[in-house]
$ cat start_31.cif   # mmCIF, C-alpha atoms
data_my_file
loop_
_atom_site.group_PDB
_atom_site.id
_atom_site.type_symbol
_atom_site.label_atom_id
_atom_site.label_comp_id
_atom_site.auth_asym_id
_atom_site.auth_seq_id
_atom_site.Cartn_x
_atom_site.Cartn_y
_atom_site.Cartn_z
ATOM 1 C CA MET A 70 103.327 77.998 76.978
ATOM 2 C CA ALA A 71 99.528 78.156 76.647
ATOM 3 C CA ARG A 72 98.051 80.395 73.989
ATOM 4 C CA PRO A 73 96.369 83.465 75.427
ATOM 5 C CA LEU A 74 92.635 83.371 75.939
ATOM 6 C CA ARG A 75 90.825 85.255 73.159
ATOM 7 C CA ILE A 76 87.210 86.239 73.732
ATOM 8 C CA GLU A 77 85.530 88.329 71.062
ATOM 9 C CA TYR A 78 82.000 89.707 71.046
ATOM 10 C CA PRO A 79 80.285 92.949 69.956
ATOM 11 C CA GLY A 80 80.860 95.806 72.375
ATOM 12 C CA ALA A 81 83.846 94.282 74.166
ATOM 13 C CA TYR A 82 86.531 96.507 75.728
ATOM 14 C CA TYR A 83 90.188 95.482 75.788
ATOM 15 C CA HIS A 84 93.489 96.657 77.161
ATOM 16 C CA ILE A 85 95.961 95.932 74.372
ATOM 17 C CA THR A 86 99.736 95.821 74.689
ATOM 18 C CA SER A 87 102.284 94.822 72.074
ATOM 19 C CA ARG A 88 106.040 94.915 72.637
ATOM 20 C CA GLY A 89 109.003 94.950 70.298
ATOM 21 C CA ASN A 90 110.823 91.710 69.596
ATOM 22 C CA GLU A 91 113.692 91.267 72.095
ATOM 23 C CA GLN A 92 112.482 94.480 73.785
ATOM 24 C CA LYS A 93 113.786 96.495 70.810
ATOM 25 C CA ASP A 94 112.288 99.832 69.824
ATOM 26 C CA VAL A 95 109.341 99.741 67.478
ATOM 27 C CA PHE A 96 109.107 103.536 67.236
ATOM 28 C CA LYS A 97 112.359 105.216 66.255
ATOM 29 C CA SER A 98 111.164 108.532 64.867
ATOM 30 C CA GLN A 99 108.292 110.976 64.848
ATOM 31 C CA LYS A 100 107.327 109.642 61.421
ATOM 32 C CA ASP A 101 107.035 106.114 62.866
ATOM 33 C CA ARG A 102 104.638 107.276 65.554
ATOM 34 C CA GLU A 103 102.579 109.296 63.120
ATOM 35 C CA LYS A 104 102.356 106.298 60.807
ATOM 36 C CA PHE A 105 101.207 104.029 63.611
ATOM 37 C CA LEU A 106 98.512 106.540 64.562
ATOM 38 C CA SER A 107 97.373 106.542 60.939
ATOM 39 C CA TYR A 108 96.787 102.785 61.242
ATOM 40 C CA LEU A 109 94.718 103.356 64.364
ATOM 41 C CA GLU A 110 92.659 105.784 62.317
ATOM 42 C CA SER A 111 92.210 103.340 59.435
ATOM 43 C CA ALA A 112 91.243 100.607 61.929
ATOM 44 C CA THR A 113 88.351 102.798 63.065
ATOM 45 C CA GLU A 114 87.320 103.516 59.471
ATOM 46 C CA ARG A 115 87.629 100.010 57.994
ATOM 47 C CA TYR A 116 86.796 97.769 60.922
ATOM 48 C CA GLY A 117 84.773 99.959 63.282
ATOM 49 C CA ALA A 118 87.333 99.944 66.098
ATOM 50 C CA VAL A 119 86.777 102.519 68.835
ATOM 51 C CA ILE A 120 90.014 103.835 70.348
ATOM 52 C CA HIS A 121 89.430 105.351 73.791
ATOM 53 C CA VAL A 122 92.978 105.679 75.167
ATOM 54 C CA TRP A 123 96.428 105.250 73.624
ATOM 55 C CA CYS A 124 100.084 105.671 74.516
ATOM 56 C CA LEU A 125 103.128 104.997 72.338
ATOM 57 C CA MET A 126 106.370 104.263 74.159
ATOM 58 C CA ASN A 127 109.666 103.443 72.433
ATOM 59 C CA ASN A 128 109.418 99.655 72.492
ATOM 60 C CA HIS A 129 105.700 99.068 73.089
ATOM 61 C CA TYR A 130 102.285 100.638 73.026
ATOM 62 C CA HIS A 131 99.060 100.574 75.058
ATOM 63 C CA LEU A 132 95.488 100.859 73.810
ATOM 64 C CA LEU A 133 92.090 100.855 75.477
ATOM 65 C CA LEU A 134 90.031 99.639 72.569
ATOM 66 C CA GLU A 135 86.352 98.794 72.001
ATOM 67 C CA THR A 136 85.059 96.428 69.313
ATOM 68 C CA PRO A 137 81.420 97.211 68.385
ATOM 69 C CA HIS A 138 81.529 94.418 65.784
ATOM 70 C CA GLY A 139 83.324 91.801 67.887
ATOM 71 C CA ASN A 140 86.299 91.654 65.511
ATOM 72 C CA LEU A 141 89.384 92.175 67.666
ATOM 73 C CA SER A 142 91.572 89.750 65.685
ATOM 74 C CA GLN A 143 90.779 91.516 62.418
ATOM 75 C CA ILE A 144 91.530 94.916 63.942
ATOM 76 C CA MET A 145 94.836 93.807 65.417
ATOM 77 C CA ARG A 146 95.978 92.073 62.241
ATOM 78 C CA HIS A 147 95.468 95.373 60.477
ATOM 79 C CA ILE A 148 97.237 97.542 63.077
ATOM 80 C CA ASN A 149 100.254 95.338 63.802
ATOM 81 C CA GLY A 150 100.482 93.858 60.324
ATOM 82 C CA ALA A 151 100.327 97.139 58.431
ATOM 83 C CA TYR A 152 102.779 98.823 60.784
ATOM 84 C CA THR A 153 105.231 95.911 60.591
ATOM 85 C CA THR A 154 105.155 96.084 56.785
ATOM 86 C CA TYR A 155 105.792 99.831 56.875
ATOM 87 C CA PHE A 156 108.626 99.477 59.426
ATOM 88 C CA ASN A 157 110.330 96.634 57.550
ATOM 89 C CA ILE A 158 110.202 98.347 54.164
ATOM 90 C CA LYS A 159 111.478 101.618 55.578
ATOM 91 C CA ARG A 160 114.446 99.953 57.288
ATOM 92 C CA LYS A 161 115.083 97.204 54.724
ATOM 93 C CA ARG A 162 114.533 94.429 57.241
ATOM 94 C CA ALA A 163 112.432 91.266 57.372
ATOM 95 C CA GLY A 164 110.730 89.191 60.031
ATOM 96 C CA HIS A 165 108.681 89.882 63.142
ATOM 97 C CA LEU A 166 108.672 93.354 64.619
ATOM 98 C CA PHE A 167 106.528 92.595 67.671
ATOM 99 C CA GLN A 168 107.245 89.999 70.340
ATOM 100 C CA GLY A 169 104.828 87.128 69.831
ATOM 101 C CA ARG A 170 101.122 87.805 69.840
ATOM 102 C CA TYR A 171 99.704 91.024 71.206
ATOM 103 C CA LYS A 172 98.343 90.824 74.746
ATOM 104 C CA ALA A 173 94.625 91.542 75.065
ATOM 105 C CA ILE A 174 92.849 91.687 78.433
ATOM 106 C CA LEU A 175 89.061 91.834 78.293
ATOM 107 C CA VAL A 176 87.938 94.658 80.591
ATOM 108 C CA GLU A 177 84.640 95.436 82.277
ATOM 109 C CA ALA A 178 83.474 98.772 80.915
ATOM 110 C CA ASP A 179 83.115 100.723 84.139
ATOM 111 C CA GLU A 180 85.601 101.874 86.769
ATOM 112 C CA TYR A 181 87.995 99.135 85.671
ATOM 113 C CA ALA A 182 88.321 100.794 82.258
ATOM 114 C CA VAL A 183 88.627 104.209 83.890
ATOM 115 C CA GLU A 184 91.411 102.966 86.170
ATOM 116 C CA LEU A 185 93.216 101.499 83.160
ATOM 117 C CA SER A 186 93.045 104.850 81.392
ATOM 118 C CA ARG A 187 94.958 106.381 84.312
ATOM 119 C CA TYR A 188 97.468 103.537 84.250
ATOM 120 C CA ILE A 189 98.034 104.009 80.511
ATOM 121 C CA HIS A 190 98.398 107.781 80.751
ATOM 122 C CA LEU A 191 100.920 107.475 83.596
ATOM 123 C CA ASN A 192 103.058 104.992 81.681
ATOM 124 C CA PRO A 193 105.568 107.632 80.438
ATOM 125 C CA VAL A 194 105.977 108.893 84.015
ATOM 126 C CA ARG A 195 106.595 105.412 85.408
ATOM 127 C CA ALA A 196 109.146 104.807 82.642
ATOM 128 C CA GLY A 197 111.008 108.016 83.534
ATOM 129 C CA ALA A 198 110.409 109.615 80.139
ATOM 130 C CA VAL A 199 108.759 112.675 81.717
ATOM 131 C CA GLU A 200 107.911 113.970 85.173
ATOM 132 C CA ARG A 201 104.277 114.738 84.381
ATOM 133 C CA PRO A 202 101.915 113.016 81.918
ATOM 134 C CA GLU A 203 101.042 116.231 80.051
ATOM 135 C CA GLU A 204 104.710 116.598 79.086
ATOM 136 C CA TYR A 205 104.507 113.462 76.968
ATOM 137 C CA ARG A 206 103.419 114.079 73.402
ATOM 138 C CA TRP A 207 102.603 110.555 72.254
ATOM 139 C CA SER A 208 99.542 109.708 74.310
ATOM 140 C CA SER A 209 95.885 110.704 74.461
ATOM 141 C CA TYR A 210 96.284 112.435 77.837
ATOM 142 C CA ASN A 211 96.564 116.032 76.642
ATOM 143 C CA SER A 212 93.355 115.731 74.680
ATOM 144 C CA TYR A 213 91.643 114.342 77.781
ATOM 145 C CA ILE A 214 92.568 117.358 79.851
ATOM 146 C CA GLY A 215 91.774 119.847 77.073
ATOM 147 C CA GLN A 216 95.322 120.872 76.169
ATOM 148 C CA HIS A 217 94.674 120.147 72.504
ATOM 149 C CA ALA A 218 91.910 118.744 70.325
ATOM 150 C CA PRO A 219 91.783 114.959 69.991
ATOM 151 C CA PRO A 220 92.178 113.300 66.600
ATOM 152 C CA ALA A 221 88.821 112.652 64.933
ATOM 153 C CA TRP A 222 89.153 108.891 65.434
ATOM 154 C CA GLN A 223 89.726 109.045 69.202
ATOM 155 C CA LYS A 224 86.668 108.798 71.455
ATOM 156 C CA MET A 225 86.705 110.325 74.944
ATOM 157 C CA ASP A 226 83.043 110.489 75.952
ATOM 158 C CA PHE A 227 83.023 107.176 77.793
ATOM 159 C CA ILE A 228 85.963 107.903 80.109
ATOM 160 C CA ILE A 229 85.326 111.632 80.551
ATOM 161 C CA GLY A 230 81.624 111.037 81.072
ATOM 162 C CA TYR A 231 82.459 109.019 84.152
ATOM 163 C CA PHE A 232 83.601 112.267 85.831
ATOM 164 C CA GLY A 233 80.564 114.409 85.086
ATOM 165 C CA LYS A 234 78.172 115.723 82.454
ATOM 166 C CA LYS A 235 79.880 119.082 81.915
ATOM 167 C CA THR A 236 82.984 118.522 79.815
ATOM 168 C CA ALA A 237 85.119 121.274 81.357
ATOM 169 C CA ASP A 238 84.446 120.110 84.916
ATOM 170 C CA ALA A 239 84.873 116.457 83.972
ATOM 171 C CA ARG A 240 88.267 117.177 82.422
ATOM 172 C CA LYS A 241 89.441 118.898 85.593
ATOM 173 C CA LYS A 242 88.288 115.979 87.706
ATOM 174 C CA TYR A 243 89.937 113.497 85.372
ATOM 175 C CA ARG A 244 93.201 115.420 85.533
ATOM 176 C CA GLN A 245 93.071 115.356 89.316
ATOM 177 C CA PHE A 246 92.241 111.645 89.213
ATOM 178 C CA VAL A 247 95.417 110.975 87.216
ATOM 179 C CA GLU A 248 97.597 113.370 89.212
ATOM 180 C CA ASP A 249 96.536 111.734 92.486
ATOM 181 C CA MET A 250 98.933 108.906 91.626
ATOM 182 C CA LEU A 251 101.923 111.078 90.715
ATOM 183 C CA GLY A 252 104.852 110.214 92.958
ATOM 184 C CA GLU A 253 103.003 107.207 94.379
ATOM 185 C CA ASP A 254 104.021 103.570 94.198
ATOM 186 C CA TYR A 255 101.244 102.772 91.777
ATOM 187 C CA GLU A 256 100.524 99.065 91.313
ATOM 188 C CA SER A 257 99.251 98.018 87.917
ATOM 189 C CA PRO A 258 95.508 97.291 87.921
ATOM 190 C CA LEU A 259 96.301 94.554 85.387
ATOM 191 C CA LYS A 260 97.696 92.426 88.234
ATOM 192 C CA GLU A 261 94.097 91.700 89.206
ATOM 193 C CA ALA A 262 93.320 90.164 85.809
ATOM 194 C CA VAL A 263 92.020 86.593 86.049
ATOM 195 C CA GLY A 264 93.829 84.042 83.949
ATOM 196 C CA SER A 265 95.827 86.930 82.472
ATOM 197 C CA SER A 266 92.786 87.541 80.294
ATOM 198 C CA LEU A 267 89.817 89.050 82.186
ATOM 199 C CA LEU A 268 89.591 92.136 84.390
ATOM 200 C CA GLY A 269 86.374 92.963 86.171
ATOM 201 C CA SER A 270 83.961 92.134 88.958
ATOM 202 C CA VAL A 271 82.852 88.626 89.886
ATOM 203 C CA GLY A 272 79.552 89.230 88.101
ATOM 204 C CA PHE A 273 81.353 90.243 84.923
ATOM 205 C CA ILE A 274 83.711 87.236 85.017
ATOM 206 C CA GLU A 275 80.804 84.858 85.605
ATOM 207 C CA GLU A 276 78.823 86.446 82.778
ATOM 208 C CA ILE A 277 81.735 86.103 80.341
ATOM 209 C CA THR A 278 82.443 82.555 81.484
ATOM 210 C CA THR A 279 78.827 81.493 81.006
ATOM 211 C CA ALA A 280 78.390 83.218 77.672
ATOM 212 C CA HIS A 281 81.736 82.474 76.019
ATOM 213 C CA LEU A 282 83.740 79.771 77.783
ATOM 214 C CA GLN A 283 81.476 76.904 78.776
ATOM 215 C CA GLU A 284 82.310 74.912 75.655
ATOM 216 C CA LYS A 285 86.049 75.645 75.731
ATOM 217 C CA THR A 286 88.935 74.106 77.654
ATOM 218 C CA PHE A 287 92.046 76.064 78.572
ATOM 219 C CA SER A 288 94.432 74.128 80.799
ATOM 220 C CA ARG A 289 95.784 77.241 82.489
ATOM 221 C CA ASP A 290 92.992 79.758 82.219
ATOM 222 C CA VAL A 291 89.955 77.713 83.259
ATOM 223 C CA PRO A 292 91.264 76.888 86.782
ATOM 224 C CA ALA A 293 91.806 80.585 87.373
ATOM 225 C CA LEU A 294 88.264 81.327 86.269
ATOM 226 C CA ARG A 295 86.834 78.609 88.485
ATOM 227 C CA GLN A 296 88.455 80.179 91.540
ATOM 228 C CA LEU A 297 86.001 83.051 91.230
ATOM 229 C CA SER A 298 83.075 80.876 92.201
ATOM 230 C CA THR A 299 84.578 80.605 95.694
ATOM 231 C CA GLN A 300 85.387 84.285 96.177
ATOM 232 C CA PRO A 301 83.766 85.658 99.348
ATOM 233 C CA GLN A 302 81.272 88.489 99.353
ATOM 234 C CA PRO A 303 82.503 91.808 100.843
ATOM 235 C CA GLU A 304 80.154 91.350 103.802
ATOM 236 C CA GLU A 305 81.766 87.981 104.595
ATOM 237 C CA ILE A 306 85.194 89.580 104.563
ATOM 238 C CA VAL A 307 84.091 92.411 106.845
ATOM 239 C CA CYS A 308 82.574 89.938 109.300
ATOM 240 C CA GLN A 309 85.724 87.823 109.504
ATOM 241 C CA VAL A 310 88.006 90.856 109.776
ATOM 242 C CA LYS A 311 86.004 92.159 112.736
ATOM 243 C CA LYS A 312 86.547 88.852 114.555
ATOM 244 C CA VAL A 313 90.323 88.955 114.086
ATOM 245 C CA PHE A 314 90.721 92.705 114.677
ATOM 246 C CA ALA A 315 88.133 92.923 117.447
ATOM 247 C CA GLU A 316 90.346 95.175 119.574
ATOM 248 C CA ASN A 317 91.082 97.762 116.891
ATOM 249 C CA GLU A 318 88.153 99.155 114.922
ATOM 250 C CA LYS A 319 90.318 101.465 112.797
ATOM 251 C CA LEU A 320 92.656 98.690 111.681
ATOM 252 C CA ALA A 321 89.671 96.408 111.091
ATOM 253 C CA ARG A 322 88.179 98.927 108.678
ATOM 254 C CA GLN A 323 91.487 99.407 106.839
ATOM 255 C CA ALA A 324 92.060 95.663 106.570
ATOM 256 C CA ALA A 325 88.499 95.048 105.399
ATOM 257 C CA ILE A 326 88.791 97.664 102.656
ATOM 258 C CA HIS A 327 92.061 96.153 101.467
ATOM 259 C CA LEU A 328 90.815 92.567 101.480
ATOM 260 C CA CYS A 329 87.511 93.468 99.812
ATOM 261 C CA HIS A 330 89.388 95.361 97.103
ATOM 262 C CA ARG A 331 91.939 92.597 96.617
ATOM 263 C CA TYR A 332 89.837 89.451 96.929
ATOM 264 C CA SER A 333 86.074 89.981 96.704
ATOM 265 C CA GLY A 334 85.955 90.827 93.001
ATOM 266 C CA ALA A 335 83.186 93.339 93.768
ATOM 267 C CA ARG A 336 83.107 96.628 91.888
ATOM 268 C CA LEU A 337 84.780 99.627 93.451
ATOM 269 C CA ARG A 338 81.389 101.313 93.527
ATOM 270 C CA GLU A 339 79.913 98.431 95.525
ATOM 271 C CA ILE A 340 82.777 98.381 97.999
ATOM 272 C CA GLY A 341 82.623 102.164 98.340
ATOM 273 C CA GLN A 342 78.929 101.987 99.190
ATOM 274 C CA LEU A 343 79.612 99.350 101.822
ATOM 275 C CA PHE A 344 82.179 101.593 103.560
ATOM 276 C CA ASP A 345 80.447 104.868 102.669
ATOM 277 C CA VAL A 346 83.433 106.309 100.792
ATOM 278 C CA ARG A 347 84.284 107.224 97.190
ATOM 279 C CA GLU A 348 85.591 104.614 94.777
ATOM 280 C CA SER A 349 88.987 106.327 94.620
ATOM 281 C CA ALA A 350 89.262 106.028 98.417
ATOM 282 C CA ILE A 351 88.928 102.255 98.141
ATOM 283 C CA SER A 352 91.852 101.934 95.722
ATOM 284 C CA GLU A 353 93.985 104.394 97.665
ATOM 285 C CA GLY A 354 93.135 102.878 101.048
ATOM 286 C CA SER A 355 93.946 99.390 99.792
ATOM 287 C CA ARG A 356 97.286 100.569 98.405
ATOM 288 C CA ARG A 357 98.274 102.272 101.661
ATOM 289 C CA PHE A 358 97.333 99.247 103.738
ATOM 290 C CA ALA A 359 99.384 97.002 101.452
ATOM 291 C CA GLU A 360 102.387 99.255 102.131
ATOM 292 C CA LYS A 361 101.732 99.099 105.868
ATOM 293 C CA LEU A 362 101.669 95.288 105.727
ATOM 294 C CA LYS A 363 105.221 95.151 104.388
ATOM 295 C CA GLY A 364 106.734 96.525 107.571
ATOM 296 C CA ASP A 365 104.436 95.146 110.264
ATOM 297 C CA LYS A 366 104.779 91.445 111.073
ATOM 298 C CA TRP A 367 101.949 91.463 113.630
ATOM 299 C CA LEU A 368 99.580 93.061 111.134
ATOM 300 C CA LYS A 369 100.596 90.668 108.395
ATOM 301 C CA ASN A 370 100.002 87.644 110.636
ATOM 302 C CA ASN A 371 96.511 88.829 111.487
ATOM 303 C CA VAL A 372 95.634 89.477 107.850
ATOM 304 C CA GLU A 373 96.883 85.991 107.002
ATOM 305 C CA ALA A 374 94.623 84.601 109.732
ATOM 306 C CA VAL A 375 91.654 86.266 108.035
ATOM 307 C CA LYS A 376 92.722 84.855 104.673
ATOM 308 C CA ARG A 377 92.988 81.346 106.135
ATOM 309 C CA GLU A 378 89.457 81.506 107.520
ATOM 310 C CA LEU A 379 88.116 82.766 104.178
ATOM 311 C CA LYS A 380 90.202 80.246 102.205
ATOM 312 C CA LEU A 381 91.853 82.995 100.185
ATOM 313 C CA TRP A 382 95.269 81.382 99.854
ATOM 314 C CA ASN A 383 94.759 80.245 96.279
ATOM 315 C CA VAL A 384 92.765 83.171 94.974
#
$ encode --input "start_31.cif" --output "structure tokens"
Amino acid sequence: MARPLRIEYPGAYYHITSRGNEQKDVFKSQKDREKFLSYLESATERYGAVIHVWCLMNNHYHLLLETPHGNLSQIMRHINGAYTTYFNIKRKRAGHLFQGRYKAILVEADEYAVELSRYIHLNPVRAGAVERPEEYRWSSYNSYIGQHAPPAWQKMDFIIGYFGKKTADARKKYRQFVEDMLGEDYESPLKEAVGSSLLGSVGFIEEITTAHLQEKTFSRDVPALRQLSTQPQPEEIVCQVKKVFAENEKLARQAAIHLCHRYSGARLREIGQLFDVRESAISEGSRRFAEKLKGDKWLKNNVEAVKRELKLWNV
């Protein structure tokens, strides 16, 4: 199995996940969770980590983390290493606590990071731990919606600022943004990560590839990155969709939104401007069309015809 791609540079944003060995619990008590949070705090103090979003489940955790000093490996050695030492001493055990290496996906710091914050905050709901995200104590969600003050080491300005300049209004909008997916079949935004390592627009992937990967060879990851150079522009997708769905303008628009969202690699903002709708409408419209495809053979065949013309089979 290939080692995961690790790209480190100042100002990078990452979605971090680490799971317990053999899917076993890594947090067994309130004290465990509090101790882990103390290591997040010390990571911000010692190594300059910026923690934007966090969620502690029983057998894994999620972080949206920024590295102003480009030192992700150092930060993660501290967090996972210190917590493993604490856990092992407390329970008189030895060996690995976490399953292999932590998973780090480099994320473009715009709507991709915002979407991931929603995904992270809804994790307890998807897992069936609670019915609503505010009912879960061990995540940053309640501080985001103003239910309680955030810890001093947690930063919210970046995510909240995306929803407006006035904090109170932005919190309300963020809460609605998260609640919009309650009860929905919410697909992980991480499925769009390239090479299981990069999540962002085509421009972002190309920028990272040029700046950090030209001198490296990764047997599994590089082919995935190279696919991006052949991704069609949203306008190309719209043009081809109109040819195939010439008799149904409504379906053509729905299909174009879905295919642009799924395959163009363009930012949600860019796709939204093309269709004159909000960014959230792009994600939601794409999700609904994907559901419609499952039960409509005729529709699926026509979408596949578009994909053939655009050579999207291997993207």
$ residues_around --input "start_31.cif" --residues "Ser355 in chain A" --least-positions-apart "3" --cutoff "10 Å" --atoms "all atoms listed in the file" --output "number ranges by chain"
A: 323-331, 349-352, 358-361
$ closest_residue --input "start_31.cif" --among "A:Ser107, A:Thr279, A:Thr113, A:Asn192" --to "Val247 in chain A" --atoms "all atoms listed in the file"
A:Asn192
$ residues_near_point --input "start_31.cif" --point "(82.3, 103.1, 93.2)" --cutoff "10 Å" --atoms "all atoms listed in the file" --output "PyMOL selection string"
chain A and resi 179-180+335-343+345-352
$ write_last_selection --input "start_31.cif" --atoms "C-alpha atoms" --output "compact mmCIF listing (two decimals), keeping the file's coordinate frame"
# COMPACT_ATOMS: atom_id res chain seq x y z
CA ASP A 179 83.12 100.72 84.14
CA GLU A 180 85.60 101.87 86.77
CA ALA A 335 83.19 93.34 93.77
CA ARG A 336 83.11 96.63 91.89
CA LEU A 337 84.78 99.63 93.45
CA ARG A 338 81.39 101.31 93.53
CA GLU A 339 79.91 98.43 95.52
CA ILE A 340 82.78 98.38 98.00
CA GLY A 341 82.62 102.16 98.34
CA GLN A 342 78.93 101.99 99.19
CA LEU A 343 79.61 99.35 101.82
CA ASP A 345 80.45 104.87 102.67
CA VAL A 346 83.43 106.31 100.79
CA ARG A 347 84.28 107.22 97.19
CA GLU A 348 85.59 104.61 94.78
CA SER A 349 88.99 106.33 94.62
CA ALA A 350 89.26 106.03 98.42
CA ILE A 351 88.93 102.26 98.14
CA SER A 352 91.85 101.93 95.72
$ resolve_selection --input "start_31.cif" --expression "the PyMOL selection byres ((chain A and resi 177) around 7)" --output "ChimeraX atom specification"
/A:82,175-176,178-179,181-182,268-269,273
$ closest_residue --input "start_31.cif" --among "A:Lys172, A:His147, A:Lys242, A:Arg187" --to "Pro258 in chain A" --atoms "all atoms listed in the file"
A:Arg187
$ resolve_selection --input "start_31.cif" --expression "the PyMOL selection byres ((chain A and resi 142) around 12)" --output "list in words"
Arg75, Ile76, Glu77, Tyr78, Tyr83, Ile85, Ala112, Tyr116, Ala118, Thr136, His138, Gly139, Asn140, Leu141, Gln143, Ile144, Met145, Arg146, His147, Ile148, Asn149, Gly150, Arg170, Tyr171, Lys172 and Ala173 of chain A
$ atom_distance --input "start_31.cif" --atom1 "CA of Phe167 in chain A" --atom2 "CA of Gly89 in chain A"
4.3 Å
$ atom_distance --input "start_31.cif" --atom1 "CA of Ala151 in chain A" --atom2 "CA of Ile174 in chain A"
22.0 Å
$ residues_around --input "start_31.cif" --residues "range 202-209 of chain A" --least-positions-apart "3" --cutoff "6 Å" --atoms "all atoms listed in the file" --output "list in words"
Val122, Trp123, Cys124, Leu125, Leu191 and Ser212 of chain A
$ resolve_selection --input "start_31.cif" --expression "the PyMOL selection byres ((chain A and resi 158-166) around 9)" --output "MDAnalysis selection string"
chainID A and resid 88:90 93 95 149 152:157 167:169
$ atom_distance --input "start_31.cif" --atom1 "CA of Arg201 in chain A" --atom2 "CA of Pro219 in chain A"
19.1 Å
$ residues_around --input "start_31.cif" --residues "Gln245 in chain A" --least-positions-apart "2" --cutoff "12 Å" --atoms "only C-alpha atoms" --output "PyMOL selection string"
chain A and resi 187+202+213-214+232+238-243+247-251+349
$ closest_residue --input "start_31.cif" --among "A:Gly233, A:His131, A:His281, A:His121" --to "Ala221 in chain A" --atoms "only C-alpha atoms"
A:His121
$ residues_around --input "start_31.cif" --residues "Arg322 in chain A" --least-positions-apart "5" --cutoff "10 Å" --atoms "all atoms listed in the file" --output "PyMOL selection string"
chain A and resi 307+310-311+314+317+327-328+344+354
$ axis_aligned_box --input "start_31.cif" --around "range 231-239 of chain A" --padding-each-side "6 Å" --output "JSON"
{"center_x": 81.6, "center_y": 115.1, "center_z": 82.8, "size_x": 18.9, "size_y": 24.3, "size_z": 18.0}
$ closest_residue --input "start_31.cif" --among "A:Tyr210, A:Ala262, A:Ser270, A:Phe96" --to "His84 in chain A" --atoms "only C-alpha atoms"
A:Ala262
